[in-house]
Amino acid sequence: MDPEREEQFTSLFLTVFSAGICFSSYHIGIGTLHVPGSGFFPFWGGIALGLLSLANFLVATTKRRRAIRQVASSRNGVSWKNLLLTFAFLFAYPVVLNLFGFPLSTFVFFFLFLRVIEPQKWSIVLGLSAAAALLTYAVFQYSLKVQFPAGIFGF
Amino acid sequence: MPTLDSIVYGFSIALQPLNVLYCFAGVVIGTFTGVLPGFGPTAAIALLIPVTYNLSSVSAIILLSGIYYGSMYGGSTTSILVNIPGESAAVVTCLEGYPLAKQGRAGPALGISAFGSLIGGTLSIVGLMLMAPPLAEFALQFGPHEFFSLMLLGLTIVTYVAHGSVLKALMMAALGLILGTVGLDTVSGAPRLTLGTKYLLDGIPLVPLAMGLFGISEILQNVERTASVEVYAKKIRNLLPSRGDWRLSIWPIIRGTGIGFFLGFVPGAGPVIASFSSYALEKKLSKYPERYGTGVIEGIAGPETANNASAQSAFIPLLTLGIPPTPALAILFAAFIMHGIQPGPMLIPNNPNLFWAVVASMYIGNVMLLILNLPMIGFWVRIVLIPYGYLIPSILIFCLIGAYSIRYSMLDIYTMLFFGLVGYLMKKYRYEGAPMILAFILGPLMERSLRQSLIIARGSFMPFLTKPICVVAFAVTALMLLTNISSSLRARRPSVGVEG
């Protein structure tokens with residue numbers, strides 16, 4: 001997708017989003033100026049967002065081509081692999097935390113991060129992961145009294 | 001006016017060993033945050049709010065406030081030594097700091113920056129102490145009309161100082177206002193925009209939202225590209241500025257204090273604008289403006305003083321009006337609420353212990369920061385050298401557990417990750433988080449004020465046009481929007497932003 005389209009796309013997305021907000025707010029009840037209803041504020045917020053998004057769409061389409069190209073250049077050199085893997089690890093962490101408890105899931109998180117995202121030597125990966133898991137466990141569990149799910153191993 | 005008794009009372013609380021410890025922890029974390037490029041005080045405060053749950057409200061606010069003003073000190077270190085601003089308020093310090101470091105004068109540059117920060121910060125606390133109580137008393141006369149007008153002005157100023165497109169900043173403010181309405185309506189009890197889920201009945205939780213928007217998104221940006229850091233001045237000598245340095249710097253420090261103090265309590269302006277304004281003024285007043293950019297010590301003294309002065313005076317609108325002027329203080333506002341304290345005109349009468357203890361802790365914290373930033377400068381340089389790859393998983397674990405520990409809810413983690421993704425995409429498409437988070441926090445207060453105003457005035461908007469404070473606030477708001485839009489159309493607006 002070219003940069004101009006991206007700009008138009010975000011504006012249109014927010015326009016549609018604001019239309020949804022207005023529709024929901026209308027159904028909640030806008031009320032009157034004398035007695036504003038629950039939907040009053042989000043409705044007018046939605047109107048404002050919609051109008052601004054449309055204005056941005058028009059600006060992006062007609063006047064701001066130069067600025068948009070600058071945006072495009074900031075996207076060069078992005079490591080999509082690192083980004084997607086980080087997100088995958090982050091989304092998987094709560095699931096693993098529930099299953100295996102804090103120390104093990106944190107060890108695995110550090111291990112994967114240091115081995116896959118920022119590749120380090122095996123000794124550093126294992127040592128740092130174990131140290132980080134134990135240290136953070138001590139800090140959160142004993143110092144800050146955070147209660148973690150026990151996991152299948154009971155800790 | 002504050003009495004000596006109030007100040008002594010504040011010190012008696014702030015000097016309790018545990019509070020001294022939390023103050024120290026706050027300024028250390030703040031300096032660390034300032035030193036780390038790409039990780040601002042907003043994210044740090046959001047990350048540490050869950051940690052403060054088990055603390056008393058006084059200790060928690062002392063700790064979190066320390067992070068905010070501490071980050072202003074740390075930001076200059078990387079600006080001077082690495083030419084990378086650790087914090088956006090220290091961007092301007094790079095211009096003179098790094099050339100000075102290349103000339104072998106990193107020591108005096110760091111020294112004058114730390115002393116300027118101490119002087120600006122301390123004088124600003126005196127101003128805060130003198131101004132806050134009478135302002136809070138004055139604000140007690142404000143009704144919903146005045147509060148709505150002032151909050152609208154605050155939001156407008158935030159969009160005014162935002163990076164890039166004004167339209168996009170206004171869009172984000174509108175989006176923040178909408179997101180702030182999610183959950184049960186406090187007036188009628190009706191659920192709004194909850195998508196039929198129970199989870200959203202309490203509204204979108206602020207801490208996961210802020211952690212995602214500012215913390216996770218920053219980390220994702222750092223993950224996507226790896227950059228090596230080269231420290232220029234590995235051996236730093238002569239940290240104490242010479243008499244000549246002092247002679248050149250003393251007036252910039254005094255002027256920086258004034259600029260920082262007054263810009264600090266303007267909602268939206270904050271330390272970034274203060275430091276840029278101070279630099280511009282010093283260059284304008286200089287006998288040799290052409291030398292600016294080649295390593296002029298006055299160009300560090302003024303801005304570094306200004307950003308610290310503004311970091312302290314920014315607490316004035318927060319503590320007296322309940323209006324957070326910067327995103328970081330918006331998160332601090334949330335911390336107050338979570339500890340059962342409502343910032344605003346009633347804060348000082350209802351919680352004098354908290355107000356005076358926090359003010360006293362700022363004096364203590366500023367002295368701690370001087371010690372941390374001069375004799376211990378070598379330690380912070382080594383922090384800069386830690387590979388980011390080691391820090392990222394640690395920060396992420398802190399985010400994950402921080403979000404989880406608020407309510408022991410896995411859904412809060414997913415909320416944080418969702419807003420992390422949103423924040424990352426916003427950065428990619430140059431939509432700013434600052435107007436959104438401020439609007440998200442101010443939104444419910446604005447809505448309540450607006451609805452109260454309309455009910456009181458039986459649906460009429462006339463009181464907004466007749467009450468003096470409203471008229472002034474609306475006039476300034478309109479003026480700012482008009483100048484903003486016209487300069488945006490001409491595309492010549494300078495790109496400076498509020499700290500994230």
# chains A, B, ... in the order shown; residues from 1 in each chain; ligands from 1
$ residues_around --residues "B:Val27" --least-positions-apart "2" --cutoff "9 Å" --atoms "only C-alpha atoms" --output "PDB file with C-alpha atoms, in the first residue's frame"
ATOM      1  CA  TYR B  22      10.973   6.030  48.154  1.00  0.00           C
ATOM      2  CA  CYS B  23      12.084   9.512  47.159  1.00  0.00           C
ATOM      3  CA  PHE B  24      15.543   8.117  46.424  1.00  0.00           C
ATOM      4  CA  ALA B  25      14.068   5.190  44.498  1.00  0.00           C
ATOM      5  CA  ILE B  29      14.354   5.384  38.451  1.00  0.00           C
ATOM      6  CA  GLY B  30      13.671   8.840  36.994  1.00  0.00           C
ATOM      7  CA  THR B  31      17.342   9.345  36.152  1.00  0.00           C
ATOM      8  CA  PHE B  32      17.464   5.842  34.675  1.00  0.00           C
ATOM      9  CA  LEU B  63       8.018   7.905  44.472  1.00  0.00           C
ATOM     10  CA  LEU B  64       6.112   8.637  41.256  1.00  0.00           C
ATOM     11  CA  SER B  65       6.774  12.403  41.405  1.00  0.00           C
ATOM     12  CA  GLY B  66      10.481  11.645  41.831  1.00  0.00           C
ATOM     13  CA  ILE B  67      10.412   9.682  38.582  1.00  0.00           C
ATOM     14  CA  TYR B  68       8.930  12.655  36.742  1.00  0.00           C
ATOM     15  CA  TYR B  69      11.381  15.350  37.810  1.00  0.00           C
ATOM     16  CA  GLY B  70      14.271  12.872  38.035  1.00  0.00           C
ATOM     17  CA  SER B  71      13.927  12.048  34.349  1.00  0.00           C
ATOM     18  CA  GLY B 365      14.871  14.779  45.677  1.00  0.00           C
ATOM     19  CA  ASN B 366      16.592  17.656  43.892  1.00  0.00           C
ATOM     20  CA  MET B 368      19.693  13.674  45.733  1.00  0.00           C
ATOM     21  CA  LEU B 369      19.636  14.220  41.978  1.00  0.00           C
ATOM     22  CA  LEU B 372      23.336  11.133  41.573  1.00  0.00           C
TER      23      LEU B 372
END
$ residues_around --residues "stretch 27-42 of chain A" --least-positions-apart "3" --cutoff "12 Å" --atoms "only C-alpha atoms" --output "NGL selection string"
(:A and (18-24 or 45-50)) or (:B and (174-194 or 440 or 443-461))
$ residues_around --residues "A:Thr10" --least-positions-apart "2" --cutoff "10 Å" --atoms "only C-alpha atoms" --output "MDAnalysis selection string"
(chainID A and resid 5:8 12:16 53 56:57) or (chainID B and resid 425:426 429 431)
$ residues_around --residues "B:Leu48" --least-positions-apart "3" --cutoff "12 Å" --atoms "only C-alpha atoms" --output "PyMOL selection string"
(chain A and resi 144) or (chain B and resi 25-26+29-30+33+41-45+51-55+60-61+63-68+207-208+210-211+215+331-332+334-335+395+398-403+405-406)
$ write_last_selection --atoms "C-alpha atoms" --output "short mmCIF file (atom, residue, chain, number, x, y, z; two decimals), in the first residue's frame"
data_model
loop_
_atom_site.label_atom_id
_atom_site.label_comp_id
_atom_site.auth_asym_id
_atom_site.auth_seq_id
_atom_site.Cartn_x
_atom_site.Cartn_y
_atom_site.Cartn_z
CA LEU A 144 5.78 -6.77 46.01
CA ALA B 25 14.07 5.19 44.50
CA GLY B 26 11.92 7.62 42.49
CA ILE B 29 14.35 5.38 38.45
CA GLY B 30 13.67 8.84 36.99
CA THR B 33 14.39 6.67 32.59
CA PRO B 41 8.71 9.25 32.29
CA THR B 42 5.14 8.64 31.10
CA ALA B 43 5.88 4.98 30.45
CA ALA B 44 7.92 4.66 33.65
CA ILE B 45 5.19 6.13 35.85
CA VAL B 51 4.00 -1.41 42.28
CA THR B 52 2.73 1.40 44.51
CA TYR B 53 -0.53 -0.34 45.41
CA ASN B 54 0.83 -1.61 48.69
CA LEU B 55 2.36 1.72 49.66
CA ALA B 60 3.46 6.37 46.38
CA ILE B 61 3.13 9.98 45.18
CA LEU B 63 8.02 7.90 44.47
CA LEU B 64 6.11 8.64 41.26
CA SER B 65 6.77 12.40 41.40
CA GLY B 66 10.48 11.64 41.83
CA ILE B 67 10.41 9.68 38.58
CA TYR B 68 8.93 12.65 36.74
CA VAL B 207 -2.86 1.84 33.56
CA PRO B 208 -2.87 -0.95 30.93
CA ALA B 210 -1.07 3.99 29.28
CA MET B 211 1.45 1.16 29.58
CA GLY B 215 5.55 1.59 27.20
CA ILE B 331 -0.69 9.23 34.55
CA LEU B 332 0.27 10.65 37.94
CA ALA B 334 -4.50 8.47 37.71
CA ALA B 335 -2.17 7.35 40.51
CA ILE B 395 10.99 -3.99 30.72
CA PHE B 398 7.68 -5.55 34.13
CA CYS B 399 4.88 -4.34 31.80
CA LEU B 400 3.21 -7.75 31.68
CA ILE B 401 3.28 -8.35 35.41
CA GLY B 402 2.50 -4.70 36.16
CA ALA B 403 -0.68 -4.87 34.07
CA SER B 405 -1.03 -7.27 39.20
CA ILE B 406 -3.54 -4.39 39.19
#
$ closest_residue --among "B:Trp246, B:Phe464, B:Tyr388, B:Phe333" --to "chain A" --atoms "only C-alpha atoms"
B:Tyr388
$ select_by_dssp --residues "stretch 272-387 of chain B" --states "alpha helix (DSSP H)" --output "PyMOL selection string"
chain B and resi 272-285+298-313+315-321+327-338+347-350+352-373+377-385
$ write_last_selection --atoms "C-alpha atoms" --output "JSON list (two decimals), in the first residue's frame"
[["chain", "number", "residue", "atom", "x", "y", "z"],
["B", 272, "VAL", "CA", 9.96, 20.47, 26.09],
["B", 273, "ILE", "CA", 8.55, 23.86, 25.16],
["B", 274, "ALA", "CA", 10.30, 25.42, 28.16],
["B", 275, "SER", "CA", 13.72, 24.12, 27.09],
["B", 276, "PHE", "CA", 13.25, 25.19, 23.46],
["B", 277, "SER", "CA", 11.99, 28.63, 24.51],
["B", 278, "SER", "CA", 14.95, 29.13, 26.82],
["B", 279, "TYR", "CA", 17.42, 28.11, 24.09],
["B", 280, "ALA", "CA", 15.77, 30.47, 21.59],
["B", 281, "LEU", "CA", 15.88, 33.33, 24.11],
["B", 282, "GLU", "CA", 19.53, 32.75, 25.01],
["B", 283, "LYS", "CA", 20.50, 32.67, 21.35],
["B", 284, "LYS", "CA", 18.57, 35.88, 20.73],
["B", 285, "LEU", "CA", 20.18, 37.66, 23.68],
["B", 298, "GLU", "CA", 24.89, 29.08, 28.04],
["B", 299, "GLY", "CA", 22.92, 27.00, 25.53],
["B", 300, "ILE", "CA", 22.93, 24.15, 28.05],
["B", 301, "ALA", "CA", 22.52, 26.18, 31.24],
["B", 302, "GLY", "CA", 19.29, 27.91, 30.18],
["B", 303, "PRO", "CA", 17.34, 24.97, 28.69],
["B", 304, "GLU", "CA", 18.40, 22.45, 31.35],
["B", 305, "THR", "CA", 17.34, 24.88, 34.07],
["B", 306, "ALA", "CA", 14.08, 25.60, 32.26],
["B", 307, "ASN", "CA", 13.05, 21.98, 31.82],
["B", 308, "ASN", "CA", 13.59, 21.22, 35.50],
["B", 309, "ALA", "CA", 11.83, 24.39, 36.62],
["B", 310, "SER", "CA", 8.87, 23.52, 34.44],
["B", 311, "ALA", "CA", 8.82, 19.91, 35.68],
["B", 312, "GLN", "CA", 8.25, 21.24, 39.20],
["B", 313, "SER", "CA", 5.77, 24.01, 38.40],
["B", 315, "PHE", "CA", 2.50, 20.20, 39.56],
["B", 316, "ILE", "CA", 0.63, 23.49, 40.21],
["B", 317, "PRO", "CA", -2.32, 22.91, 37.82],
["B", 318, "LEU", "CA", -2.38, 19.23, 38.73],
["B", 319, "LEU", "CA", -2.53, 19.75, 42.48],
["B", 320, "THR", "CA", -4.71, 22.87, 42.54],
["B", 321, "LEU", "CA", -7.07, 22.55, 39.56],
["B", 327, "PRO", "CA", 0.94, 13.17, 29.66],
["B", 328, "ALA", "CA", 3.27, 11.99, 32.43],
["B", 329, "LEU", "CA", 1.34, 14.01, 34.98],
["B", 330, "ALA", "CA", -1.90, 12.67, 33.50],
["B", 331, "ILE", "CA", -0.69, 9.23, 34.55],
["B", 332, "LEU", "CA", 0.27, 10.65, 37.94],
["B", 333, "PHE", "CA", -3.27, 12.03, 38.14],
["B", 334, "ALA", "CA", -4.50, 8.47, 37.71],
["B", 335, "ALA", "CA", -2.17, 7.35, 40.51],
["B", 336, "PHE", "CA", -3.76, 9.93, 42.82],
["B", 337, "ILE", "CA", -7.22, 8.61, 41.96],
["B", 338, "MET", "CA", -6.12, 5.02, 42.54],
["B", 347, "LEU", "CA", -6.57, 18.43, 47.71],
["B", 348, "ILE", "CA", -4.68, 20.83, 49.99],
["B", 349, "PRO", "CA", -7.51, 21.31, 52.55],
["B", 350, "ASN", "CA", -8.34, 17.58, 52.60],
["B", 352, "PRO", "CA", -2.36, 18.71, 53.74],
["B", 353, "ASN", "CA", -0.02, 15.90, 54.79],
["B", 354, "LEU", "CA", 0.26, 14.65, 51.22],
["B", 355, "PHE", "CA", 0.69, 18.08, 49.64],
["B", 356, "TRP", "CA", 3.36, 19.34, 52.03],
["B", 357, "ALA", "CA", 5.17, 16.00, 52.16],
["B", 358, "VAL", "CA", 5.37, 15.86, 48.34],
["B", 359, "VAL", "CA", 6.61, 19.47, 48.19],
["B", 360, "ALA", "CA", 9.24, 18.76, 50.88],
["B", 361, "SER", "CA", 10.28, 15.56, 49.09],
["B", 362, "MET", "CA", 10.94, 17.61, 45.95],
["B", 363, "TYR", "CA", 13.57, 19.65, 47.79],
["B", 364, "ILE", "CA", 15.14, 16.45, 49.07],
["B", 365, "GLY", "CA", 14.87, 14.78, 45.68],
["B", 366, "ASN", "CA", 16.59, 17.66, 43.89],
["B", 367, "VAL", "CA", 19.58, 17.46, 46.23],
["B", 368, "MET", "CA", 19.69, 13.67, 45.73],
["B", 369, "LEU", "CA", 19.64, 14.22, 41.98],
["B", 370, "LEU", "CA", 22.64, 16.52, 42.10],
["B", 371, "ILE", "CA", 24.59, 13.82, 43.94],
["B", 372, "LEU", "CA", 23.34, 11.13, 41.57],
["B", 373, "ASN", "CA", 24.21, 13.11, 38.49],
["B", 377, "ILE", "CA", 27.97, 10.13, 36.34],
["B", 378, "GLY", "CA", 30.23, 7.18, 35.44],
["B", 379, "PHE", "CA", 27.53, 4.78, 36.58],
["B", 380, "TRP", "CA", 24.95, 6.36, 34.24],
["B", 381, "VAL", "CA", 27.40, 6.26, 31.36],
["B", 382, "ARG", "CA", 27.73, 2.51, 31.92],
["B", 383, "ILE", "CA", 23.91, 2.25, 31.90],
["B", 384, "VAL", "CA", 23.90, 3.81, 28.45],
["B", 385, "LEU", "CA", 26.32, 1.09, 27.36]]
$ residues_around --residues "A:Ala55" --least-positions-apart "4" --cutoff "8 Å" --atoms "only C-alpha atoms" --output "ChimeraX atom specification"
/A:51,59 /B:167
$ write_last_selection --atoms "N, CA and C atoms" --output "PDB file, in the first residue's frame"
ATOM      1  N   LEU A  51     -15.712  14.396  11.683  1.00  0.00           N
ATOM      2  CA  LEU A  51     -15.441  15.578  10.859  1.00  0.00           C
ATOM      3  C   LEU A  51     -13.934  15.799  10.694  1.00  0.00           C
ATOM      4  N   VAL A  59      -7.264  16.495   3.267  1.00  0.00           N
ATOM      5  CA  VAL A  59      -5.920  17.096   3.285  1.00  0.00           C
ATOM      6  C   VAL A  59      -4.907  16.111   2.724  1.00  0.00           C
TER       7      VAL A  59
ATOM      8  N   LEU B 167      -4.471  18.504  12.751  1.00  0.00           N
ATOM      9  CA  LEU B 167      -5.703  17.740  12.565  1.00  0.00           C
ATOM     10  C   LEU B 167      -5.611  16.389  13.261  1.00  0.00           C
TER      11      LEU B 167
END
$ atom_distance --atom1 "atom CA of B:Ala169" --atom2 "atom CA of B:Leu482"
14.4 Å
$ closest_residue --among "B:Val472, B:Ile441, B:Thr326, B:Ser217" --to "chain A" --atoms "only C-alpha atoms"
B:Ser217
$ closest_residue --among "A:Ala60, A:Leu83, A:Ala133, A:Leu112" --to "chain B" --atoms "only C-alpha atoms"
A:Leu83
$ residues_around --residues "stretch 79-82 of chain A" --least-positions-apart "4" --cutoff "7 Å" --atoms "only C-alpha atoms" --output "MDAnalysis selection string"
(chainID A and resid 86 117) or (chainID B and resid 223:225)
$ residues_around --residues "A:Phe107" --least-positions-apart "6" --cutoff "12 Å" --atoms "only C-alpha atoms" --output "compact mmCIF listing (two decimals) with all heavy atoms, in the first residue's frame"
# COMPACT_ATOMS: atom_id res chain seq x y z
N TYR A 93 2.58 -15.13 26.38
CA TYR A 93 3.04 -15.13 27.78
C TYR A 93 1.90 -15.38 28.79
O TYR A 93 2.06 -16.24 29.68
CB TYR A 93 3.79 -13.82 28.10
CG TYR A 93 4.37 -13.80 29.48
CD1 TYR A 93 5.57 -14.42 29.78
CD2 TYR A 93 3.69 -13.17 30.52
CE1 TYR A 93 6.09 -14.42 31.06
CE2 TYR A 93 4.21 -13.15 31.81
CZ TYR A 93 5.40 -13.78 32.07
OH TYR A 93 5.91 -13.78 33.34
N VAL A 96 0.99 -19.06 28.77
CA VAL A 96 2.05 -19.89 29.37
C VAL A 96 2.12 -19.65 30.89
O VAL A 96 2.33 -20.58 31.66
CB VAL A 96 3.41 -19.59 28.69
CG1 VAL A 96 4.52 -20.45 29.28
CG2 VAL A 96 3.31 -19.84 27.20
N LEU A 97 1.89 -18.41 31.28
CA LEU A 97 1.91 -18.07 32.72
C LEU A 97 0.85 -18.86 33.47
O LEU A 97 1.11 -19.40 34.55
CB LEU A 97 1.68 -16.56 32.89
CG LEU A 97 1.66 -16.01 34.31
CD1 LEU A 97 3.04 -16.09 34.95
CD2 LEU A 97 1.21 -14.54 34.32
N PHE A 100 2.15 -22.77 33.30
CA PHE A 100 3.41 -23.22 33.94
C PHE A 100 3.88 -22.37 35.11
O PHE A 100 4.94 -22.64 35.69
CB PHE A 100 4.52 -23.30 32.89
CG PHE A 100 4.23 -24.26 31.77
CD1 PHE A 100 3.96 -23.80 30.49
CD2 PHE A 100 4.19 -25.63 32.01
CE1 PHE A 100 3.67 -24.69 29.46
CE2 PHE A 100 3.89 -26.51 30.99
CZ PHE A 100 3.62 -26.05 29.72
N GLY A 101 3.13 -21.31 35.44
CA GLY A 101 3.55 -20.46 36.56
C GLY A 101 4.61 -19.44 36.15
O GLY A 101 5.11 -19.47 35.01
N PHE A 113 13.55 -14.50 23.83
CA PHE A 113 13.90 -13.13 23.43
C PHE A 113 15.40 -13.01 23.15
O PHE A 113 15.82 -12.46 22.14
CB PHE A 113 13.49 -12.15 24.54
CG PHE A 113 13.19 -10.79 24.00
CD1 PHE A 113 11.88 -10.43 23.71
CD2 PHE A 113 14.20 -9.88 23.75
CE1 PHE A 113 11.60 -9.19 23.18
CE2 PHE A 113 13.92 -8.64 23.21
CZ PHE A 113 12.61 -8.29 22.93
N LEU A 114 16.20 -13.53 24.07
CA LEU A 114 17.66 -13.38 23.93
C LEU A 114 18.24 -14.30 22.85
O LEU A 114 19.33 -14.07 22.35
CB LEU A 114 18.35 -13.65 25.27
CG LEU A 114 18.04 -12.64 26.37
CD1 LEU A 114 18.64 -13.11 27.70
CD2 LEU A 114 18.57 -11.27 26.02
N ARG A 115 17.51 -15.34 22.52
CA ARG A 115 18.02 -16.27 21.52
C ARG A 115 17.52 -15.92 20.11
O ARG A 115 18.25 -16.03 19.14
CB ARG A 115 17.58 -17.69 21.90
CG ARG A 115 18.25 -18.81 21.15
CD ARG A 115 19.75 -18.89 21.39
NE ARG A 115 20.43 -19.42 20.22
CZ ARG A 115 21.70 -19.22 19.91
NH1 ARG A 115 22.47 -18.50 20.70
NH2 ARG A 115 22.23 -19.73 18.83
N VAL A 125 22.57 -16.61 27.20
CA VAL A 125 21.11 -16.78 27.14
C VAL A 125 20.61 -17.56 28.35
O VAL A 125 19.69 -17.13 29.05
CB VAL A 125 20.71 -17.51 25.83
CG1 VAL A 125 19.23 -17.86 25.84
CG2 VAL A 125 21.03 -16.64 24.63
N LEU A 126 21.27 -18.70 28.61
CA LEU A 126 20.82 -19.55 29.72
C LEU A 126 21.03 -18.87 31.07
O LEU A 126 20.14 -18.84 31.92
CB LEU A 126 21.55 -20.90 29.69
CG LEU A 126 21.12 -21.83 28.56
CD1 LEU A 126 22.08 -23.00 28.42
CD2 LEU A 126 19.70 -22.34 28.80
N GLY A 127 22.21 -18.28 31.22
CA GLY A 127 22.54 -17.62 32.50
C GLY A 127 21.63 -16.45 32.77
O GLY A 127 21.04 -16.34 33.86
N LEU A 128 21.49 -15.57 31.77
CA LEU A 128 20.65 -14.38 31.97
C LEU A 128 19.18 -14.74 32.17
O LEU A 128 18.51 -14.16 33.02
CB LEU A 128 20.76 -13.46 30.75
CG LEU A 128 21.79 -12.34 30.83
CD1 LEU A 128 21.76 -11.52 29.54
CD2 LEU A 128 21.51 -11.43 32.01
N SER A 129 18.70 -15.72 31.41
CA SER A 129 17.29 -16.11 31.53
C SER A 129 17.00 -16.66 32.93
O SER A 129 16.00 -16.29 33.55
CB SER A 129 16.93 -17.17 30.49
OG SER A 129 17.21 -16.70 29.21
N ALA A 130 17.89 -17.53 33.41
CA ALA A 130 17.68 -18.11 34.74
C ALA A 130 17.76 -17.02 35.81
O ALA A 130 16.90 -16.93 36.70
CB ALA A 130 18.72 -19.19 35.00
N ALA A 131 18.77 -16.16 35.68
CA ALA A 131 18.95 -15.10 36.69
C ALA A 131 17.75 -14.16 36.67
O ALA A 131 17.22 -13.79 37.73
CB ALA A 131 20.24 -14.32 36.40
N ALA A 132 17.32 -13.78 35.47
CA ALA A 132 16.20 -12.83 35.37
C ALA A 132 14.92 -13.44 35.93
O ALA A 132 14.18 -12.77 36.65
CB ALA A 132 16.00 -12.43 33.91
N ALA A 133 14.69 -14.72 35.61
CA ALA A 133 13.47 -15.38 36.10
C ALA A 133 13.46 -15.43 37.63
O ALA A 133 12.45 -15.11 38.26
CB ALA A 133 13.35 -16.78 35.51
N LEU A 134 14.59 -15.81 38.21
CA LEU A 134 14.65 -15.94 39.67
C LEU A 134 14.57 -14.57 40.35
O LEU A 134 13.87 -14.40 41.35
CB LEU A 134 15.93 -16.67 40.09
CG LEU A 134 15.96 -18.15 39.70
CD1 LEU A 134 17.32 -18.76 40.01
CD2 LEU A 134 14.86 -18.92 40.44
N LEU A 135 15.31 -13.62 39.78
CA LEU A 135 15.33 -12.28 40.38
C LEU A 135 13.95 -11.63 40.33
O LEU A 135 13.46 -11.10 41.34
CB LEU A 135 16.35 -11.41 39.64
CG LEU A 135 16.76 -10.14 40.36
CD1 LEU A 135 17.62 -10.45 41.57
CD2 LEU A 135 17.53 -9.23 39.41
N THR A 136 13.31 -11.68 39.16
CA THR A 136 11.99 -11.05 39.05
C THR A 136 10.97 -11.78 39.92
O THR A 136 10.08 -11.16 40.50
CB THR A 136 11.49 -11.01 37.58
OG1 THR A 136 11.65 -12.30 37.01
CG2 THR A 136 12.23 -10.00 36.75
N TYR A 137 11.13 -13.11 40.02
CA TYR A 137 10.21 -13.88 40.88
C TYR A 137 10.36 -13.41 42.33
O TYR A 137 9.36 -13.18 43.02
CB TYR A 137 10.53 -15.38 40.77
CG TYR A 137 9.56 -16.25 41.52
CD1 TYR A 137 8.23 -16.33 41.13
CD2 TYR A 137 9.98 -17.02 42.61
CE1 TYR A 137 7.33 -17.14 41.82
CE2 TYR A 137 9.09 -17.84 43.29
CZ TYR A 137 7.76 -17.90 42.89
OH TYR A 137 6.86 -18.69 43.56
N PRO B 393 13.62 -7.31 27.27
CA PRO B 393 12.76 -8.33 27.90
C PRO B 393 12.45 -8.03 29.36
O PRO B 393 11.36 -8.34 29.84
CB PRO B 393 13.57 -9.63 27.76
CG PRO B 393 14.95 -9.22 27.41
CD PRO B 393 14.87 -7.89 26.77
N SER B 394 13.40 -7.38 30.05
CA SER B 394 13.15 -7.03 31.46
C SER B 394 12.01 -6.02 31.55
O SER B 394 11.11 -6.15 32.40
CB SER B 394 14.39 -6.42 32.10
OG SER B 394 15.52 -7.17 31.76
N ILE B 397 8.69 -7.74 30.76
CA ILE B 397 8.17 -8.56 31.87
C ILE B 397 7.54 -7.65 32.92
O ILE B 397 6.48 -7.94 33.48
CB ILE B 397 9.30 -9.42 32.49
CG1 ILE B 397 9.60 -10.62 31.58
CG2 ILE B 397 8.95 -9.92 33.89
CD1 ILE B 397 8.50 -11.66 31.49
$ closest_residue --among "A:Trp122, A:Phe91, A:Phe140, A:Phe9" --to "A:Pro103" --atoms "only C-alpha atoms"
A:Phe140
$ atom_distance --atom1 "atom CA of B:Cys470" --atom2 "atom CA of B:Pro133"
21.9 Å
$ closest_residue --among "B:Leu417, B:Met151, B:Ile250, B:Ile485" --to "B:Ala473" --atoms "only C-alpha atoms"
B:Met151
